[in-house]
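Q: File follows, run05.csv with CSV, N, CA and C atoms:
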chain,number,residue,atom,x,y,z
A,1,MET,N,-27.5,133.6,86.1
A,1,MET,CA,-28.8,133.9,86.8
A,1,MET,C,-29.9,133.8,85.8
A,2,HIS,N,-29.6,134.1,84.5
A,2,HIS,CA,-30.7,134.0,83.5
A,2,HIS,C,-31.3,132.6,83.4
A,3,ASN,N,-30.5,131.6,83.5
A,3,ASN,CA,-31.0,130.2,83.4
A,3,ASN,C,-32.0,129.9,84.5
A,4,VAL,N,-31.7,130.4,85.7
A,4,VAL,CA,-32.6,130.2,86.9
A,4,VAL,C,-34.0,130.7,86.6
A,5,LYS,N,-34.1,131.8,85.9
A,5,LYS,CA,-35.4,132.4,85.6
A,5,LYS,C,-36.2,131.5,84.7
A,6,TYR,N,-35.5,130.9,83.7
A,6,TYR,CA,-36.2,130.0,82.8
A,6,TYR,C,-36.5,128.7,83.4
A,7,TYR,N,-35.6,128.2,84.3
A,7,TYR,CA,-35.9,127.0,85.0
A,7,TYR,C,-37.1,127.1,85.9
A,8,MET,N,-37.2,128.2,86.6
A,8,MET,CA,-38.3,128.5,87.5
A,8,MET,C,-39.6,128.6,86.8
A,9,LYS,N,-39.6,129.2,85.6
A,9,LYS,CA,-40.8,129.3,84.8
A,9,LYS,C,-41.3,127.9,84.4
A,10,ASP,N,-40.3,127.1,83.9
A,10,ASP,CA,-40.7,125.7,83.6
A,10,ASP,C,-41.2,125.0,84.8
A,11,PHE,N,-40.5,125.2,86.0
A,11,PHE,CA,-40.9,124.5,87.2
A,11,PHE,C,-42.3,124.9,87.6
A,12,ASN,N,-42.6,126.2,87.6
A,12,ASN,CA,-43.9,126.7,88.0
A,12,ASN,C,-45.0,126.2,87.0
A,13,SER,N,-44.7,126.2,85.8
A,13,SER,CA,-45.7,125.8,84.8
A,13,SER,C,-46.0,124.3,85.0
A,14,THR,N,-44.9,123.5,85.2
A,14,THR,CA,-45.1,122.1,85.4
A,14,THR,C,-45.8,121.8,86.7
A,15,LEU,N,-45.5,122.5,87.7
A,15,LEU,CA,-46.1,122.3,89.0
A,15,LEU,C,-47.7,122.5,88.9
A,16,TYR,N,-48.1,123.5,88.2
A,16,TYR,CA,-49.5,123.8,88.1
A,16,TYR,C,-50.2,122.8,87.1
A,17,LYS,N,-49.5,122.3,86.1
A,17,LYS,CA,-50.0,121.3,85.2
A,17,LYS,C,-50.3,120.0,86.0
A,18,ILE,N,-49.3,119.6,86.9
A,18,ILE,CA,-49.5,118.4,87.7
A,18,ILE,C,-50.7,118.6,88.6
A,19,ILE,N,-50.8,119.7,89.3
A,19,ILE,CA,-51.9,120.0,90.2
A,19,ILE,C,-53.2,119.9,89.4
A,20,GLY,N,-53.3,120.5,88.3
A,20,GLY,CA,-54.5,120.5,87.4
A,20,GLY,C,-54.9,119.1,87.1
A,21,LEU,N,-53.9,118.3,86.7
A,21,LEU,CA,-54.2,116.9,86.3
A,21,LEU,C,-54.7,116.1,87.5
A,22,ARG,N,-54.2,116.3,88.7
A,22,ARG,CA,-54.7,115.7,89.9
A,22,ARG,C,-56.1,116.1,90.2
A,23,ILE,N,-56.4,117.3,90.0
A,23,ILE,CA,-57.8,117.8,90.3
A,23,ILE,C,-58.7,117.1,89.3
A,24,LYS,N,-58.3,117.1,88.0
A,24,LYS,CA,-59.1,116.5,87.0
A,24,LYS,C,-59.4,115.0,87.3
A,25,GLU,N,-58.3,114.3,87.7
A,25,GLU,CA,-58.5,112.9,88.0
A,25,GLU,C,-59.4,112.7,89.2
A,26,ALA,N,-59.3,113.5,90.3
A,26,ALA,CA,-60.2,113.4,91.4
A,26,ALA,C,-61.6,113.7,91.0
A,27,ARG,N,-61.8,114.7,90.2
A,27,ARG,CA,-63.1,115.1,89.7
A,27,ARG,C,-63.8,114.0,89.0
A,28,HIS,N,-63.0,113.3,88.1
A,28,HIS,CA,-63.5,112.2,87.3
A,28,HIS,C,-63.9,111.0,88.2
A,29,ARG,N,-63.1,110.8,89.3
A,29,ARG,CA,-63.4,109.7,90.2
A,29,ARG,C,-64.8,109.8,90.8
A,30,LEU,N,-65.2,111.1,91.0
A,30,LEU,CA,-66.5,111.4,91.6
A,30,LEU,C,-67.6,111.6,90.6
A,31,ASN,N,-67.2,111.5,89.3
A,31,ASN,CA,-68.2,111.7,88.2
A,31,ASN,C,-68.7,113.1,88.3
A,32,TYR,N,-67.9,114.1,88.6
A,32,TYR,CA,-68.3,115.5,88.6
A,32,TYR,C,-67.9,116.1,87.2
A,33,SER,N,-68.7,116.9,86.7
A,33,SER,CA,-68.3,117.7,85.5
A,33,SER,C,-67.6,118.9,86.0
A,34,GLN,N,-66.9,119.6,85.1
A,34,GLN,CA,-66.3,120.8,85.5
A,34,GLN,C,-67.4,121.8,86.0
A,35,GLU,N,-68.5,121.8,85.4
A,35,GLU,CA,-69.6,122.7,85.8
A,35,GLU,C,-70.0,122.3,87.3
A,36,ASP,N,-70.1,121.0,87.6
A,36,ASP,CA,-70.5,120.6,88.9
A,36,ASP,C,-69.5,121.2,90.0
A,37,LEU,N,-68.2,121.0,89.7
A,37,LEU,CA,-67.2,121.5,90.6
A,37,LEU,C,-67.3,123.0,90.7
A,38,ALA,N,-67.4,123.6,89.6
A,38,ALA,CA,-67.4,125.1,89.6
A,38,ALA,C,-68.6,125.7,90.5
A,39,LYS,N,-69.7,125.1,90.3
A,39,LYS,CA,-70.9,125.5,91.1
A,39,LYS,C,-70.7,125.3,92.6
A,40,LYS,N,-70.0,124.2,93.0
A,40,LYS,CA,-69.8,123.9,94.4
A,40,LYS,C,-68.8,124.9,95.1
A,41,ILE,N,-67.9,125.4,94.3
A,41,ILE,CA,-66.9,126.3,94.9
A,41,ILE,C,-67.0,127.7,94.4
A,42,LEU,N,-68.1,128.0,93.7
A,42,LEU,CA,-68.5,129.3,93.3
A,42,LEU,C,-67.5,130.1,92.4
A,43,ILE,N,-67.0,129.3,91.4
A,43,ILE,CA,-66.2,130.0,90.4
A,43,ILE,C,-66.7,129.5,89.0
A,44,SER,N,-66.2,130.0,88.0
A,44,SER,CA,-66.7,129.7,86.6
A,44,SER,C,-66.2,128.3,86.2
A,45,ARG,N,-66.9,127.7,85.2
A,45,ARG,CA,-66.5,126.4,84.7
A,45,ARG,C,-65.2,126.7,83.9
A,46,ALA,N,-65.0,127.8,83.2
A,46,ALA,CA,-63.8,128.1,82.5
A,46,ALA,C,-62.6,128.2,83.4
A,47,SER,N,-62.8,128.7,84.6
A,47,SER,CA,-61.7,128.7,85.6
A,47,SER,C,-61.3,127.3,86.0
A,48,ILE,N,-62.2,126.4,86.2
A,48,ILE,CA,-61.9,125.0,86.5
A,48,ILE,C,-61.1,124.4,85.3
A,49,SER,N,-61.6,124.7,84.1
A,49,SER,CA,-60.9,124.2,82.9
A,49,SER,C,-59.4,124.7,82.9
A,50,ASN,N,-59.3,126.0,83.1
A,50,ASN,CA,-57.9,126.6,83.1
A,50,ASN,C,-57.0,126.1,84.2
A,51,ILE,N,-57.6,125.8,85.4
A,51,ILE,CA,-56.8,125.2,86.5
A,51,ILE,C,-56.4,123.8,86.1
A,52,GLU,N,-57.3,123.0,85.5
A,52,GLU,CA,-57.0,121.6,85.2
A,52,GLU,C,-55.9,121.6,84.1
A,53,LEU,N,-55.9,122.6,83.2
A,53,LEU,CA,-54.9,122.6,82.1
A,53,LEU,C,-53.5,123.3,82.6
A,54,GLY,N,-53.5,123.8,83.8
A,54,GLY,CA,-52.3,124.4,84.4
A,54,GLY,C,-52.1,125.8,83.9
A,55,ARG,N,-53.1,126.4,83.2
A,55,ARG,CA,-53.0,127.8,82.7
A,55,ARG,C,-53.3,128.8,83.8
A,56,HIS,N,-54.0,128.4,84.8
A,56,HIS,CA,-54.4,129.3,85.9
A,56,HIS,C,-53.7,128.9,87.2
A,57,GLN,N,-53.1,129.8,87.9
A,57,GLN,CA,-52.5,129.4,89.2
A,57,GLN,C,-53.5,129.9,90.3
A,58,PRO,N,-54.4,129.0,90.8
A,58,PRO,CA,-55.4,129.4,91.7
A,58,PRO,C,-54.8,129.8,93.1
A,59,PRO,N,-55.5,130.7,93.8
A,59,PRO,CA,-55.0,131.0,95.1
A,59,PRO,C,-55.2,129.8,96.0
A,60,LEU,N,-54.5,129.8,97.1
A,60,LEU,CA,-54.5,128.7,98.0
A,60,LEU,C,-55.9,128.4,98.6
A,61,HIS,N,-56.7,129.4,98.9
A,61,HIS,CA,-58.0,129.1,99.4
A,61,HIS,C,-58.9,128.4,98.4
A,62,VAL,N,-58.6,128.6,97.1
A,62,VAL,CA,-59.4,127.9,96.0
A,62,VAL,C,-59.0,126.4,96.0
A,63,LEU,N,-57.7,126.2,96.2
A,63,LEU,CA,-57.2,124.8,96.2
A,63,LEU,C,-57.8,124.1,97.4
A,64,TYR,N,-57.9,124.8,98.5
A,64,TYR,CA,-58.5,124.2,99.7
A,64,TYR,C,-60.0,123.9,99.4
A,65,ASP,N,-60.7,124.8,98.8
A,65,ASP,CA,-62.1,124.5,98.4
A,65,ASP,C,-62.3,123.3,97.5
A,66,ILE,N,-61.4,123.3,96.5
A,66,ILE,CA,-61.4,122.1,95.6
A,66,ILE,C,-61.2,120.8,96.3
A,67,SER,N,-60.1,120.8,97.1
A,67,SER,CA,-59.8,119.5,97.8
A,67,SER,C,-61.0,119.1,98.8
A,68,SER,N,-61.6,120.1,99.4
A,68,SER,CA,-62.7,119.8,100.3
A,68,SER,C,-63.9,119.2,99.5
A,69,VAL,N,-64.3,119.8,98.4
A,69,VAL,CA,-65.4,119.3,97.6
A,69,VAL,C,-65.1,117.9,97.0
A,70,LEU,N,-63.8,117.7,96.6
A,70,LEU,CA,-63.4,116.4,96.0
A,70,LEU,C,-63.0,115.4,97.0
A,71,ASN,N,-63.1,115.7,98.3
A,71,ASN,CA,-62.9,114.8,99.4
A,71,ASN,C,-61.5,114.2,99.5
A,72,PHE,N,-60.5,115.1,99.4
A,72,PHE,CA,-59.2,114.6,99.6
A,72,PHE,C,-58.3,115.7,100.2
A,73,ASP,N,-57.2,115.3,100.8
A,73,ASP,CA,-56.3,116.2,101.5
A,73,ASP,C,-55.6,117.1,100.5
A,74,LEU,N,-55.4,118.4,100.8
A,74,LEU,CA,-54.7,119.3,99.9
A,74,LEU,C,-53.3,118.8,99.6
A,75,GLN,N,-52.7,118.1,100.6
A,75,GLN,CA,-51.3,117.6,100.3
A,75,GLN,C,-51.3,116.6,99.2
A,76,GLN,N,-52.4,115.9,98.9
A,76,GLN,CA,-52.4,115.0,97.8
A,76,GLN,C,-52.4,115.7,96.5
A,77,LEU,N,-52.7,116.9,96.4
A,77,LEU,CA,-52.7,117.7,95.2
A,77,LEU,C,-51.3,118.1,94.8
A,78,LEU,N,-50.5,118.3,95.8
A,78,LEU,CA,-49.1,118.9,95.6
A,78,LEU,C,-48.1,117.9,95.3
A,79,PRO,N,-47.4,118.0,94.2
A,79,PRO,CA,-46.4,117.1,93.9
A,79,PRO,C,-45.1,117.4,94.7
A,80,THR,N,-44.2,116.5,94.8
A,80,THR,CA,-42.9,116.8,95.4
A,80,THR,C,-42.1,117.5,94.4
A,81,PHE,N,-41.0,118.1,94.9
A,81,PHE,CA,-40.0,118.8,94.1
A,81,PHE,C,-39.5,117.8,93.0
A,82,ASN,N,-39.2,116.5,93.5
A,82,ASN,CA,-38.6,115.5,92.6
A,82,ASN,C,-39.6,115.1,91.5
A,83,GLU,N,-40.9,115.1,91.8
A,83,GLU,CA,-41.9,114.7,90.8
A,83,GLU,C,-42.0,115.8,89.8
A,84,VAL,N,-41.9,117.0,90.1
A,84,VAL,CA,-41.9,118.1,89.2
A,84,VAL,C,-40.7,118.1,88.3
A,85,GLU,N,-39.5,117.9,88.9
A,85,GLU,CA,-38.3,117.8,88.1
A,85,GLU,C,-38.3,116.6,87.1
A,86,LYS,N,-38.8,115.5,87.6
A,86,LYS,CA,-38.9,114.3,86.6
A,86,LYS,C,-39.8,114.6,85.5
A,87,HIS,N,-40.9,115.3,85.8
A,87,HIS,CA,-41.9,115.6,84.7
A,87,HIS,C,-41.2,116.6,83.7
A,88,ILE,N,-40.5,117.6,84.2
A,88,ILE,CA,-39.8,118.5,83.3
A,88,ILE,C,-38.8,117.8,82.4
A,89,SER,N,-38.0,116.9,83.0
A,89,SER,CA,-36.9,116.2,82.2
A,89,SER,C,-37.6,115.3,81.2
A,90,THR,N,-38.7,114.6,81.6
A,90,THR,CA,-39.4,113.8,80.6
A,90,THR,C,-39.9,114.6,79.4
A,91,ASN,N,-40.5,115.8,79.7
A,91,ASN,CA,-41.0,116.6,78.7
A,91,ASN,C,-39.9,117.2,77.8
A,92,GLU,N,-38.7,117.5,78.4
A,92,GLU,CA,-37.6,118.0,77.6
A,92,GLU,C,-37.2,116.9,76.6
A,93,TYR,N,-37.1,115.7,77.0
A,93,TYR,CA,-36.7,114.6,76.1
A,93,TYR,C,-37.8,114.4,75.0
A,94,SER,N,-39.0,114.5,75.4
A,94,SER,CA,-40.1,114.4,74.4
A,94,SER,C,-40.0,115.5,73.4
A,95,ASP,N,-39.7,116.7,73.8
A,95,ASP,CA,-39.5,117.9,72.9
A,95,ASP,C,-38.4,117.6,71.9
A,96,ILE,N,-37.3,117.1,72.5
A,96,ILE,CA,-36.1,116.8,71.6
A,96,ILE,C,-36.5,115.7,70.6
A,97,LEU,N,-37.2,114.7,71.0
A,97,LEU,CA,-37.6,113.7,70.1
A,97,LEU,C,-38.5,114.2,69.0
A,98,LYS,N,-39.4,115.1,69.3
A,98,LYS,CA,-40.3,115.7,68.3
A,98,LYS,C,-39.5,116.4,67.2
A,99,ASN,N,-38.3,116.9,67.5
A,99,ASN,CA,-37.5,117.7,66.6
A,99,ASN,C,-36.6,116.8,65.8
A,100,ILE,N,-36.5,115.5,66.0
A,100,ILE,CA,-35.6,114.7,65.3
A,100,ILE,C,-36.4,114.1,64.1
A,101,SER,N,-36.1,114.6,62.9
A,101,SER,CA,-36.9,114.3,61.7
A,101,SER,C,-36.5,112.9,61.1
A,102,ASP,N,-35.4,112.4,61.5
A,102,ASP,CA,-34.9,111.1,60.9
A,102,ASP,C,-35.7,109.9,61.5
A,103,LEU,N,-36.3,110.0,62.6
A,103,LEU,CA,-37.0,108.9,63.2
A,103,LEU,C,-38.5,108.9,62.8
A,104,ASP,N,-39.0,107.7,62.6
A,104,ASP,CA,-40.4,107.5,62.4
A,104,ASP,C,-41.2,107.6,63.7
A,105,GLU,N,-42.5,107.8,63.7
A,105,GLU,CA,-43.3,108.0,64.9
A,105,GLU,C,-43.2,106.8,65.9
A,106,ASP,N,-43.2,105.6,65.4
A,106,ASP,CA,-43.1,104.5,66.3
A,106,ASP,C,-41.7,104.4,67.0
A,107,SER,N,-40.7,104.8,66.4
A,107,SER,CA,-39.4,104.9,67.0
A,107,SER,C,-39.3,105.9,68.1
A,108,LYS,N,-39.9,107.1,67.7
A,108,LYS,CA,-40.0,108.2,68.7
A,108,LYS,C,-40.8,107.8,70.0
A,109,LYS,N,-41.9,107.1,69.7
A,109,LYS,CA,-42.7,106.7,70.9
A,109,LYS,C,-42.0,105.6,71.7
A,110,ALA,N,-41.3,104.7,71.1
A,110,ALA,CA,-40.5,103.7,71.8
A,110,ALA,C,-39.4,104.3,72.6
A,111,ILE,N,-38.7,105.3,72.1
A,111,ILE,CA,-37.7,106.0,72.8
A,111,ILE,C,-38.3,106.8,74.0
A,112,GLU,N,-39.4,107.5,73.7
A,112,GLU,CA,-40.0,108.2,74.8
A,112,GLU,C,-40.5,107.3,75.9
A,113,GLU,N,-41.0,106.1,75.6
A,113,GLU,CA,-41.4,105.2,76.6
A,113,GLU,C,-40.2,104.7,77.5
A,114,ILE,N,-39.1,104.5,76.9
A,114,ILE,CA,-37.9,104.1,77.6
A,114,ILE,C,-37.5,105.2,78.5
A,115,ILE,N,-37.5,106.5,78.1
A,115,ILE,CA,-37.1,107.6,78.9
A,115,ILE,C,-38.1,107.7,80.1
A,116,LYS,N,-39.4,107.6,79.9
A,116,LYS,CA,-40.3,107.7,81.0
A,116,LYS,C,-40.0,106.6,82.0
A,117,ASN,N,-39.7,105.4,81.6
A,117,ASN,CA,-39.4,104.3,82.5
A,117,ASN,C,-38.1,104.6,83.3
A,118,LEU,N,-37.2,105.3,82.7
A,118,LEU,CA,-35.9,105.6,83.4
A,118,LEU,C,-36.2,106.6,84.5
A,119,ASN,N,-37.2,107.4,84.4
A,119,ASN,CA,-37.5,108.5,85.3
A,119,ASN,C,-38.4,108.0,86.5
A,120,LYS,N,-38.7,106.8,86.5
A,120,LYS,CA,-39.6,106.2,87.5
A,120,LYS,C,-38.8,105.9,88.8
Could you take the file, read its structure, and then write that structure out as structure tokens?
A:
Amino acid sequence: MHNVKYYMKDFNSTLYKIIGLRIKEARHRLNYSQEDLAKKILISRASISNIELGRHQPPLHVLYDISSVLNFDLQQLLPTFNEVEKHISTNEYSDILKNISDLDEDSKKAIEEIIKNLNK
């Protein structure tokens, strides 16, 4: 049962990182700054930054507000279970590669790229 706790922590963390990245991408498409978005939904710019970095888990109504201002459906923000799992496994491999001291940076990057392509 102990492993489930750690897996869920990784899953939740990854879930909110993906959501944050999607918000950031949508905001950039509209050429909005974090400050612009924050003013439109009446929260702080720091909150937008933390949401985009996956540090803050915003309430559902805030996600609705963000999706409304950025002109997209809330469902587009939410990754599938498989997308989150793939992201977790890709990051696990990246972490392992960072700890292998025998490989030069180019080799590590090449292996990481291969792993990313396997997960597509």
Q: Select, from A:Leu63, A:Pro79, A:Lys86, A:Asp73, the residue with the minimum atom-to-atom distance to Ile18 (chain A), counting all atoms listed in the file.
A: A:Pro79
Q: Looking at only C-alpha atoms, which of A:Tyr64, A:Ile48, A:Leu30, A:Ser89 is the one that sits closest to Gln76 (chain A)?
A: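 Ranked by minimum distance to Gln76 (chain A), first place goes to A:Tyr64.
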Q: What is the atom N of Ile66 (chain A)-CA of Ile23 (chain A) distance in Å, reported with one decimal?
A: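 Between atom N of Ile66 (chain A) and CA of Ile23 (chain A) the gap is 9.0 Å.
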Q: I'd like to know which of A:Val84, A:Leu70, A:Ile19, A:Leu60 is closest to Leu37 (chain A), using all atoms listed in the file.
A: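 Smallest separation from Leu37 (chain A) among the options: A:Leu70.
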Q: Find the residue from A:Thr14, A:Asp106, A:Arg45, A:Pro59 that sits nearest to Ser33 (chain A); use all atoms listed in the file when measuring.
A: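 Smallest distance to Ser33 (chain A) is found for A:Arg45.
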Q: Quick one, how far is atom C of Arg29 (chain A) from atom C of Glu113 (chain A)?
A: 28.4 Å
Q: Provide the CA of Glu25 (chain A) to CA of Leu78 (chain A) distance in Å, to one decimal place.
A: 13.5 Å
Q: From a DSSP pass on the backbone, collect the residues of region 15-120 of chain A flagged as alpha helix (DSSP H) and hand them back as a ChimeraX atom specification.
A: /A:15-29,34-41,45-52,60-69,74-77,81-98,105-118
